[in-house]
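The next block is upload.tsv, given as TSV, C-alpha atoms and all ligand atoms.
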```tsv
chain	number	residue	atom	x	y	z
A	1	MET	CA	29.58	3.51	-8.10
A	2	VAL	CA	32.47	5.94	-7.49
A	3	ASN	CA	31.79	8.75	-5.09
A	4	LYS	CA	32.35	11.46	-7.68
A	5	GLU	CA	29.32	10.27	-9.62
A	6	LEU	CA	27.14	10.42	-6.52
A	7	LEU	CA	28.40	13.85	-5.47
A	8	GLY	CA	27.94	15.34	-8.92
A	9	VAL	CA	29.78	18.11	-10.77
A	10	GLY	CA	28.66	21.20	-12.71
A	11	MET	CA	24.93	20.96	-13.35
A	12	THR	CA	24.65	18.10	-10.84
A	13	SER	CA	26.77	19.74	-8.12
A	14	ARG	CA	25.83	20.64	-4.56
A	15	ARG	CA	25.24	24.25	-5.57
A	16	THR	CA	22.69	23.20	-8.18
A	17	ARG	CA	20.94	21.02	-5.60
A	18	ASN	CA	20.87	23.90	-3.13
A	19	ARG	CA	19.07	26.00	-5.73
A	20	LEU	CA	16.42	23.28	-6.09
A	21	VAL	CA	15.88	23.24	-2.32
A	22	GLU	CA	15.52	27.06	-2.26
A	23	ARG	CA	12.88	26.75	-4.94
A	24	LEU	CA	10.97	24.07	-3.02
A	25	ILE	CA	10.97	26.32	0.06
A	26	ASP	CA	9.58	29.17	-2.10
A	27	GLU	CA	6.87	26.80	-3.32
A	28	GLY	CA	5.80	26.09	0.25
A	29	ILE	CA	7.63	22.91	1.26
A	30	SER	CA	8.42	23.31	4.94
A	31	ASN	CA	9.44	19.93	6.37
A	32	ARG	CA	13.17	20.40	7.11
A	33	LYS	CA	13.96	16.69	7.11
A	34	VAL	CA	12.41	16.26	3.69
A	35	LEU	CA	14.30	19.27	2.33
A	36	GLU	CA	17.62	17.96	3.69
A	37	ILE	CA	17.08	14.53	2.18
A	38	ILE	CA	16.29	16.10	-1.19
A	39	ARG	CA	19.44	18.22	-0.90
A	40	ASN	CA	21.53	15.12	-0.20
A	41	THR	CA	19.98	12.71	-2.71
A	42	PRO	CA	21.58	12.63	-6.17
A	43	ARG	CA	18.52	12.83	-8.44
A	44	HIS	CA	20.83	12.73	-11.45
A	45	ILE	CA	21.48	9.00	-10.95
A	46	PHE	CA	17.72	8.35	-11.27
A	47	VAL	CA	17.55	9.66	-14.84
A	48	GLU	CA	19.33	8.69	-18.06
A	49	GLU	CA	22.78	10.20	-18.44
A	50	ALA	CA	21.64	12.44	-21.30
A	51	LEU	CA	19.16	14.13	-18.92
A	52	ALA	CA	21.49	14.37	-15.90
A	53	SER	CA	22.10	18.09	-16.45
A	54	ARG	CA	18.34	18.68	-16.00
A	55	ALA	CA	17.95	16.51	-12.91
A	56	TYR	CA	17.75	19.47	-10.49
A	57	GLU	CA	15.16	21.40	-12.44
A	58	ASP	CA	11.80	21.24	-10.70
A	59	THR	CA	10.24	19.21	-13.44
A	60	ALA	CA	9.14	15.65	-14.29
A	61	LEU	CA	11.44	13.92	-16.79
A	62	PRO	CA	10.99	10.85	-19.02
A	63	ILE	CA	12.47	7.59	-17.68
A	64	GLY	CA	11.59	5.42	-20.68
A	65	LEU	CA	8.74	2.95	-21.36
A	66	GLY	CA	6.28	5.87	-21.38
A	67	GLN	CA	6.84	6.70	-17.70
A	68	THR	CA	8.22	9.72	-15.86
A	69	ILE	CA	10.19	10.52	-12.72
A	70	SER	CA	7.94	12.80	-10.64
A	71	GLN	CA	8.65	16.51	-10.25
A	72	PRO	CA	10.73	17.19	-7.07
A	73	TYR	CA	8.01	19.53	-5.72
A	74	ILE	CA	5.44	16.71	-5.94
A	75	VAL	CA	7.81	14.19	-4.32
A	76	ALA	CA	8.48	16.64	-1.48
A	77	ARG	CA	4.80	17.49	-1.07
A	78	MET	CA	3.60	13.88	-1.01
A	79	THR	CA	6.34	12.98	1.46
A	80	GLU	CA	5.56	15.80	3.85
A	81	ILE	CA	1.81	15.09	3.72
A	82	LEU	CA	2.48	11.43	4.51
A	83	LEU	CA	4.69	12.41	7.46
A	84	ALA	CA	2.31	15.05	8.83
A	85	GLY	CA	0.46	12.39	10.82
A	86	GLY	CA	3.54	11.40	12.84
A	87	SER	CA	6.31	8.87	12.40
A	88	LEU	CA	5.84	5.88	10.14
A	89	ASP	CA	7.09	2.35	10.56
A	90	THR	CA	6.00	0.63	7.39
A	91	VAL	CA	5.06	2.32	4.16
A	92	LEU	CA	3.87	0.97	0.82
A	93	GLU	CA	4.69	2.77	-2.41
A	94	VAL	CA	2.80	1.87	-5.58
A	95	GLY	CA	4.83	2.74	-8.70
A	96	THR	CA	8.59	2.49	-8.06
A	97	GLY	CA	9.48	3.92	-11.48
A	98	SER	CA	12.97	5.41	-11.22
A	99	GLY	CA	13.06	4.79	-7.46
A	100	TYR	CA	13.55	8.47	-6.60
A	101	GLN	CA	10.44	8.83	-4.40
A	102	THR	CA	11.41	5.55	-2.69
A	103	ALA	CA	14.91	6.88	-1.99
A	104	ILE	CA	13.51	10.08	-0.46
A	105	LEU	CA	11.16	8.12	1.82
A	106	SER	CA	13.70	5.48	2.81
A	107	PRO	CA	15.57	7.48	5.52
A	108	LEU	CA	12.27	8.72	6.97
A	109	VAL	CA	10.62	5.37	7.70
A	110	LYS	CA	11.56	2.04	9.23
A	111	ARG	CA	10.73	-0.07	6.18
A	112	ILE	CA	9.37	0.71	2.74
A	113	TYR	CA	7.79	-1.76	0.35
A	114	SER	CA	7.66	-0.52	-3.22
A	115	VAL	CA	5.82	-2.26	-6.03
A	116	GLU	CA	6.14	-1.73	-9.76
A	117	ARG	CA	4.42	-3.46	-12.70
A	118	ILE	CA	7.30	-2.96	-15.21
A	119	GLU	CA	10.13	-5.36	-14.41
A	120	PRO	CA	13.15	-3.48	-15.87
A	121	PHE	CA	12.42	-0.58	-13.49
A	122	ILE	CA	12.74	-2.93	-10.52
A	123	LYS	CA	16.23	-4.08	-11.54
A	124	GLN	CA	17.40	-0.55	-12.22
A	125	ALA	CA	16.02	0.79	-8.94
A	126	ARG	CA	17.56	-2.08	-6.97
A	127	SER	CA	21.04	-1.24	-8.23
A	128	ARG	CA	20.52	2.47	-7.46
A	129	PHE	CA	19.49	1.66	-3.87
A	130	GLN	CA	22.61	-0.48	-3.52
A	131	ASP	CA	24.81	2.39	-4.71
A	132	LEU	CA	23.14	4.70	-2.19
A	133	GLN	CA	23.33	2.04	0.55
A	134	LEU	CA	19.59	2.23	1.25
A	135	ARG	CA	18.83	-1.05	2.97
A	136	ASN	CA	15.26	-0.76	4.25
A	137	ILE	CA	13.58	-1.03	0.83
A	138	ARG	CA	11.78	-4.19	-0.37
A	139	LEU	CA	10.89	-4.22	-4.07
A	140	ASN	CA	8.12	-6.30	-5.60
A	141	HIS	CA	7.19	-6.85	-9.23
A	142	CYS	CA	3.39	-6.90	-9.19
A	143	ASP	CA	0.18	-5.00	-9.92
A	144	GLY	CA	0.03	-2.54	-7.03
A	145	GLY	CA	-3.67	-1.81	-7.45
A	146	MET	CA	-4.29	-4.73	-5.12
A	147	GLY	CA	-1.64	-3.56	-2.67
A	148	LEU	CA	0.61	-6.02	-0.91
A	149	PRO	CA	-1.73	-7.90	1.45
A	150	GLN	CA	1.02	-10.24	2.70
A	151	TYR	CA	2.82	-7.27	4.33
A	152	ALA	CA	-0.22	-5.20	5.36
A	153	PRO	CA	-1.23	-3.24	7.34
A	154	PHE	CA	0.83	-0.14	6.50
A	155	ASP	CA	1.12	3.13	8.41
A	156	GLY	CA	1.27	5.00	5.12
A	157	ILE	CA	0.75	4.41	1.41
A	158	VAL	CA	1.99	6.61	-1.41
A	159	VAL	CA	0.74	6.01	-4.95
A	160	THR	CA	2.65	7.57	-7.85
A	161	ALA	CA	0.35	6.61	-10.74
A	162	ALA	CA	-3.24	7.83	-10.98
A	163	PRO	CA	-6.21	5.48	-10.58
A	164	GLU	CA	-9.63	6.84	-11.58
A	165	GLY	CA	-11.02	6.35	-8.08
A	166	ILE	CA	-9.79	5.47	-4.61
A	167	PRO	CA	-8.65	1.80	-4.65
A	168	LEU	CA	-10.47	0.23	-1.70
A	169	ALA	CA	-8.00	-2.67	-1.56
A	170	LEU	CA	-5.35	-0.09	-0.64
A	171	VAL	CA	-7.52	1.66	1.96
A	172	GLU	CA	-8.09	-1.71	3.63
A	173	GLN	CA	-4.33	-2.22	3.94
A	174	LEU	CA	-3.90	0.92	6.07
A	175	VAL	CA	-3.90	0.83	9.87
A	176	VAL	CA	-6.72	2.87	11.42
A	177	GLY	CA	-5.38	6.43	11.37
A	178	GLY	CA	-3.00	5.51	8.55
A	179	ARG	CA	-2.56	7.91	5.64
A	180	MET	CA	-2.55	7.40	1.90
A	181	VAL	CA	-1.49	10.12	-0.54
A	182	LEU	CA	-2.42	9.57	-4.17
A	183	PRO	CA	-3.39	11.24	-7.42
A	184	ILE	CA	-6.96	10.51	-8.54
A	185	GLY	CA	-8.55	11.09	-11.90
A	186	VAL	CA	-8.01	10.99	-15.63
A	187	ARG	CA	-5.33	12.69	-17.68
A	188	ASP	CA	-6.09	16.44	-17.46
A	189	GLU	CA	-8.29	16.29	-14.42
A	190	GLN	CA	-6.33	14.86	-11.57
A	191	ALA	CA	-6.10	15.93	-7.97
A	192	LEU	CA	-3.79	14.93	-5.18
A	193	VAL	CA	-5.88	13.37	-2.44
A	194	LEU	CA	-5.18	12.50	1.19
A	195	VAL	CA	-7.10	9.49	2.49
A	196	VAL	CA	-7.10	8.74	6.22
A	197	ARG	CA	-8.38	5.33	7.31
A	198	THR	CA	-11.03	5.41	10.03
A	199	GLU	CA	-12.69	2.65	12.07
A	200	LYS	CA	-15.65	2.61	9.73
A	201	GLY	CA	-14.16	3.61	6.39
A	202	TYR	CA	-12.06	6.63	5.42
A	203	ASP	CA	-11.93	10.43	5.31
A	204	LYS	CA	-10.67	12.17	2.22
A	205	GLU	CA	-9.23	15.61	1.55
A	206	ILE	CA	-8.60	17.00	-1.93
A	207	LEU	CA	-5.31	18.89	-1.96
A	208	GLU	CA	-4.21	20.27	-5.33
A	209	ARG	CA	-4.18	19.66	-9.07
A	210	VAL	CA	-1.52	17.29	-10.36
A	211	MET	CA	-0.58	15.32	-13.47
A	212	PHE	CA	0.56	11.71	-13.17
A	213	VAL	CA	0.78	8.77	-15.54
A	214	PRO	CA	-2.25	6.48	-15.21
A	215	MET	CA	-2.33	3.47	-12.90
A	216	LEU	CA	-2.54	0.41	-15.16
A	217	GLY	CA	-3.51	-3.17	-14.41
A	218	GLY	CA	-1.40	-6.30	-14.87
A	219	VAL	CA	2.37	-6.62	-15.11
A	220	SER	CA	4.88	-6.33	-17.97
A	301	LIG	N1	7.77	7.45	-8.13
A	301	LIG	C1	8.19	7.26	-9.50
A	301	LIG	C2	7.04	7.53	-10.45
A	301	LIG	C3	7.16	6.78	-11.70
A	301	LIG	S1	5.78	6.97	-12.79
A	301	LIG	C4	9.36	8.14	-9.84
A	301	LIG	O1	9.41	9.27	-9.33
A	301	LIG	O2	10.19	7.75	-10.64
A	301	LIG	C5	4.61	5.84	-12.09
A	301	LIG	C6	5.02	4.38	-12.08
A	301	LIG	O3	3.88	3.63	-11.65
A	301	LIG	C7	5.43	3.83	-13.42
A	301	LIG	O4	6.71	3.27	-13.33
A	301	LIG	C8	4.36	2.77	-13.72
A	301	LIG	O5	4.87	1.63	-14.40
A	301	LIG	C9	3.90	2.39	-12.33
A	301	LIG	N2	2.57	1.80	-12.26
A	301	LIG	C10	1.44	2.14	-12.92
A	301	LIG	N3	0.42	1.34	-12.58
A	301	LIG	C11	0.91	0.46	-11.65
A	301	LIG	C12	0.33	-0.63	-10.91
A	301	LIG	N4	-0.94	-0.98	-11.05
A	301	LIG	N5	1.14	-1.30	-10.07
A	301	LIG	C13	2.45	-0.98	-9.91
A	301	LIG	N6	3.05	0.03	-10.59
A	301	LIG	C14	2.28	0.75	-11.44
```

What does this structure look like when you write it as structure tokens?
Amino acid sequence: MVNKELLGVGMTSRRTRNRLVERLIDEGISNRKVLEIIRNTPRHIFVEEALASRAYEDTALPIGLGQTISQPYIVARMTEILLAGGSLDTVLEVGTGSGYQTAILSPLVKRIYSVERIEPFIKQARSRFQDLQLRNIRLNHCDGGMGLPQYAPFDGIVVTAAPEGIPLALVEQLVVGGRMVLPIGVRDEQALVLVVRTEKGYDKEILERVMFVPMLGGVS
């Protein structure tokens, strides 16, 4: 991809991105590293061209096949909550979708495994990561509800589709002290939850109301 496309012009320019970062600060995002990565990541290449001019609005947008790219505020919030426990070597993301959340996490961790049940999203995300020269991402086409036992344990897990309850298979793939951030619940009644793995089980903290697409089983 030519540099001009990555840098953006007009509604995708640096100035537009700066405005998004100001807004995230106003909304309470305080992790400087996260804010800088959001400022420097071209969200417009993660959406269809027709929506590129809206890429720096603080809103979720459709990415096709009934799915959405998460709102920048939510991406920032989930990332800073994950990082609040200290540095992370390996992270699992369930629900690659557009790949935007993966791209924001990539510079902050040693290695990120991201799984997605819809195959075309994997191909699209892979080519975006190549364009951005993000080399510590491993993509897998599978049902993420069961996690990725062959690469466990993880220091952190981020889930970007909502299961109805906490998936125990995922909790078991965290190191003790490891953190998982995920939306829980059904359509209009979802909350963002932080789960911290303990020796005996896990602690959970309910953070705020959110709206995510549901976590589904199987692959397509
Ligand atoms: N982080 C993404 C969010 C995409 S929406 C982004 O910002 O673009 C959530 C994604 O989770 C969808 O792509 C959906 O297909 C995927 N998903 C839902 N259930 C899943 C499951 N069980 N395993 C893997 N991916 C799943």

Select the residues contacting ligand LIG 301 (chain A) at a distance of at most 7 Å, based on all atoms listed in the file, then format the selection as a compact mmCIF listing (two decimals) with C-alpha atoms, in the frame of the given file.
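Result saved to part-v9.txt:
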```
# COMPACT_ATOMS: atom_id res chain seq x y z
CA GLN A 67 6.84 6.70 -17.70
CA THR A 68 8.22 9.72 -15.86
CA ILE A 69 10.19 10.52 -12.72
CA SER A 70 7.94 12.80 -10.64
CA VAL A 94 2.80 1.87 -5.58
CA GLY A 95 4.83 2.74 -8.70
CA THR A 96 8.59 2.49 -8.06
CA GLY A 97 9.48 3.92 -11.48
CA SER A 98 12.97 5.41 -11.22
CA GLY A 99 13.06 4.79 -7.46
CA TYR A 100 13.55 8.47 -6.60
CA GLN A 101 10.44 8.83 -4.40
CA THR A 102 11.41 5.55 -2.69
CA VAL A 115 5.82 -2.26 -6.03
CA GLU A 116 6.14 -1.73 -9.76
CA ARG A 117 4.42 -3.46 -12.70
CA ILE A 118 7.30 -2.96 -15.21
CA PHE A 121 12.42 -0.58 -13.49
CA CYS A 142 3.39 -6.90 -9.19
CA ASP A 143 0.18 -5.00 -9.92
CA GLY A 144 0.03 -2.54 -7.03
CA GLY A 145 -3.67 -1.81 -7.45
CA THR A 160 2.65 7.57 -7.85
CA ALA A 161 0.35 6.61 -10.74
CA VAL A 213 0.78 8.77 -15.54
CA PRO A 214 -2.25 6.48 -15.21
CA MET A 215 -2.33 3.47 -12.90
CA LEU A 216 -2.54 0.41 -15.16
CA GLY A 217 -3.51 -3.17 -14.41
CA GLY A 218 -1.40 -6.30 -14.87
```

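We find CA of Leu132 (chain A) and CA of Gly8 (chain A) to be spaced 13.5 Å apart.
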
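Of the listed residues (A:Met211, A:Leu92, A:Ala60, A:Leu82), A:Leu92 comes nearest to Gln150 (chain A); the distances count only C-alpha atoms.
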
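Taking CA of Ala162 (chain A) as the reference point, CA of Phe212 (chain A) is found at 5.9 Å.
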
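Computed from the coordinates, the CA of Val21 (chain A) to CA of Arg77 (chain A) distance equals 12.5 Å.
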
Rebuild N, CA, C and O atoms on region 107-130 of chain A, as a PDB file, in the coordinates of the input?
```pdb
ATOM      1  N   PRO A 107      14.989   7.084   4.224  1.00  0.00           N
ATOM      2  CA  PRO A 107      15.570   7.480   5.520  1.00  0.00           C
ATOM      3  C   PRO A 107      14.540   7.958   6.533  1.00  0.00           C
ATOM      4  O   PRO A 107      14.878   8.158   7.699  1.00  0.00           O
ATOM      5  N   LEU A 108      13.289   8.138   6.097  1.00  0.00           N
ATOM      6  CA  LEU A 108      12.270   8.720   6.970  1.00  0.00           C
ATOM      7  C   LEU A 108      11.375   7.674   7.615  1.00  0.00           C
ATOM      8  O   LEU A 108      10.545   8.002   8.469  1.00  0.00           O
ATOM      9  N   VAL A 109      11.505   6.428   7.199  1.00  0.00           N
ATOM     10  CA  VAL A 109      10.620   5.370   7.700  1.00  0.00           C
ATOM     11  C   VAL A 109      11.465   4.159   8.104  1.00  0.00           C
ATOM     12  O   VAL A 109      12.639   4.071   7.764  1.00  0.00           O
ATOM     13  N   LYS A 110      10.829   3.237   8.809  1.00  0.00           N
ATOM     14  CA  LYS A 110      11.560   2.040   9.230  1.00  0.00           C
ATOM     15  C   LYS A 110      11.739   1.091   8.036  1.00  0.00           C
ATOM     16  O   LYS A 110      12.821   0.610   7.780  1.00  0.00           O
ATOM     17  N   ARG A 111      10.647   0.841   7.324  1.00  0.00           N
ATOM     18  CA  ARG A 111      10.730  -0.070   6.180  1.00  0.00           C
ATOM     19  C   ARG A 111       9.772   0.393   5.095  1.00  0.00           C
ATOM     20  O   ARG A 111       8.654   0.801   5.381  1.00  0.00           O
ATOM     21  N   ILE A 112      10.243   0.342   3.851  1.00  0.00           N
ATOM     22  CA  ILE A 112       9.370   0.710   2.740  1.00  0.00           C
ATOM     23  C   ILE A 112       9.297  -0.423   1.723  1.00  0.00           C
ATOM     24  O   ILE A 112      10.321  -0.966   1.310  1.00  0.00           O
ATOM     25  N   TYR A 113       8.060  -0.787   1.401  1.00  0.00           N
ATOM     26  CA  TYR A 113       7.790  -1.760   0.350  1.00  0.00           C
ATOM     27  C   TYR A 113       7.391  -0.958  -0.875  1.00  0.00           C
ATOM     28  O   TYR A 113       6.534  -0.073  -0.787  1.00  0.00           O
ATOM     29  N   SER A 114       8.029  -1.242  -2.002  1.00  0.00           N
ATOM     30  CA  SER A 114       7.660  -0.520  -3.220  1.00  0.00           C
ATOM     31  C   SER A 114       7.347  -1.528  -4.303  1.00  0.00           C
ATOM     32  O   SER A 114       8.090  -2.489  -4.503  1.00  0.00           O
ATOM     33  N   VAL A 115       6.217  -1.324  -4.975  1.00  0.00           N
ATOM     34  CA  VAL A 115       5.820  -2.260  -6.030  1.00  0.00           C
ATOM     35  C   VAL A 115       5.747  -1.550  -7.379  1.00  0.00           C
ATOM     36  O   VAL A 115       5.418  -0.371  -7.461  1.00  0.00           O
ATOM     37  N   GLU A 116       6.092  -2.295  -8.412  1.00  0.00           N
ATOM     38  CA  GLU A 116       6.140  -1.730  -9.760  1.00  0.00           C
ATOM     39  C   GLU A 116       5.706  -2.831 -10.731  1.00  0.00           C
ATOM     40  O   GLU A 116       6.087  -3.989 -10.588  1.00  0.00           O
ATOM     41  N   ARG A 117       4.914  -2.451 -11.756  1.00  0.00           N
ATOM     42  CA  ARG A 117       4.420  -3.460 -12.700  1.00  0.00           C
ATOM     43  C   ARG A 117       5.376  -3.706 -13.869  1.00  0.00           C
ATOM     44  O   ARG A 117       5.226  -4.691 -14.589  1.00  0.00           O
ATOM     45  N   ILE A 118       6.352  -2.801 -14.084  1.00  0.00           N
ATOM     46  CA  ILE A 118       7.300  -2.960 -15.210  1.00  0.00           C
ATOM     47  C   ILE A 118       8.642  -3.471 -14.668  1.00  0.00           C
ATOM     48  O   ILE A 118       9.353  -2.761 -13.968  1.00  0.00           O
ATOM     49  N   GLU A 119       8.981  -4.702 -15.034  1.00  0.00           N
ATOM     50  CA  GLU A 119      10.130  -5.360 -14.410  1.00  0.00           C
ATOM     51  C   GLU A 119      11.478  -4.641 -14.558  1.00  0.00           C
ATOM     52  O   GLU A 119      12.228  -4.555 -13.576  1.00  0.00           O
ATOM     53  N   PRO A 120      11.826  -4.125 -15.758  1.00  0.00           N
ATOM     54  CA  PRO A 120      13.150  -3.480 -15.870  1.00  0.00           C
ATOM     55  C   PRO A 120      13.355  -2.340 -14.864  1.00  0.00           C
ATOM     56  O   PRO A 120      14.485  -2.094 -14.432  1.00  0.00           O
ATOM     57  N   PHE A 121      12.282  -1.669 -14.480  1.00  0.00           N
ATOM     58  CA  PHE A 121      12.420  -0.580 -13.490  1.00  0.00           C
ATOM     59  C   PHE A 121      12.864  -1.120 -12.131  1.00  0.00           C
ATOM     60  O   PHE A 121      13.603  -0.464 -11.398  1.00  0.00           O
ATOM     61  N   ILE A 122      12.391  -2.331 -11.815  1.00  0.00           N
ATOM     62  CA  ILE A 122      12.740  -2.930 -10.520  1.00  0.00           C
ATOM     63  C   ILE A 122      14.253  -3.170 -10.450  1.00  0.00           C
ATOM     64  O   ILE A 122      14.913  -2.807  -9.475  1.00  0.00           O
ATOM     65  N   LYS A 123      14.789  -3.759 -11.519  1.00  0.00           N
ATOM     66  CA  LYS A 123      16.230  -4.080 -11.540  1.00  0.00           C
ATOM     67  C   LYS A 123      17.063  -2.824 -11.425  1.00  0.00           C
ATOM     68  O   LYS A 123      18.032  -2.754 -10.658  1.00  0.00           O
ATOM     69  N   GLN A 124      16.663  -1.811 -12.204  1.00  0.00           N
ATOM     70  CA  GLN A 124      17.400  -0.550 -12.220  1.00  0.00           C
ATOM     71  C   GLN A 124      17.354   0.119 -10.838  1.00  0.00           C
ATOM     72  O   GLN A 124      18.381   0.570 -10.317  1.00  0.00           O
ATOM     73  N   ALA A 125      16.169   0.148 -10.247  1.00  0.00           N
ATOM     74  CA  ALA A 125      16.020   0.790  -8.940  1.00  0.00           C
ATOM     75  C   ALA A 125      16.838   0.045  -7.885  1.00  0.00           C
ATOM     76  O   ALA A 125      17.502   0.659  -7.047  1.00  0.00           O
ATOM     77  N   ARG A 126      16.827  -1.292  -7.971  1.00  0.00           N
ATOM     78  CA  ARG A 126      17.560  -2.080  -6.970  1.00  0.00           C
ATOM     79  C   ARG A 126      19.037  -1.713  -6.986  1.00  0.00           C
ATOM     80  O   ARG A 126      19.657  -1.532  -5.938  1.00  0.00           O
ATOM     81  N   SER A 127      19.600  -1.556  -8.175  1.00  0.00           N
ATOM     82  CA  SER A 127      21.040  -1.240  -8.230  1.00  0.00           C
ATOM     83  C   SER A 127      21.301   0.194  -7.743  1.00  0.00           C
ATOM     84  O   SER A 127      22.315   0.464  -7.099  1.00  0.00           O
ATOM     85  N   ARG A 128      20.363   1.098  -7.986  1.00  0.00           N
ATOM     86  CA  ARG A 128      20.520   2.470  -7.460  1.00  0.00           C
ATOM     87  C   ARG A 128      20.488   2.469  -5.924  1.00  0.00           C
ATOM     88  O   ARG A 128      21.278   3.164  -5.278  1.00  0.00           O
ATOM     89  N   PHE A 129      19.585   1.689  -5.341  1.00  0.00           N
ATOM     90  CA  PHE A 129      19.490   1.660  -3.870  1.00  0.00           C
ATOM     91  C   PHE A 129      20.762   1.045  -3.265  1.00  0.00           C
ATOM     92  O   PHE A 129      21.194   1.442  -2.189  1.00  0.00           O
ATOM     93  N   GLN A 130      21.346   0.088  -3.999  1.00  0.00           N
ATOM     94  CA  GLN A 130      22.610  -0.480  -3.520  1.00  0.00           C
ATOM     95  C   GLN A 130      23.713   0.578  -3.523  1.00  0.00           C
ATOM     96  O   GLN A 130      24.451   0.727  -2.557  1.00  0.00           O
TER      97      GLN A 130
END
```
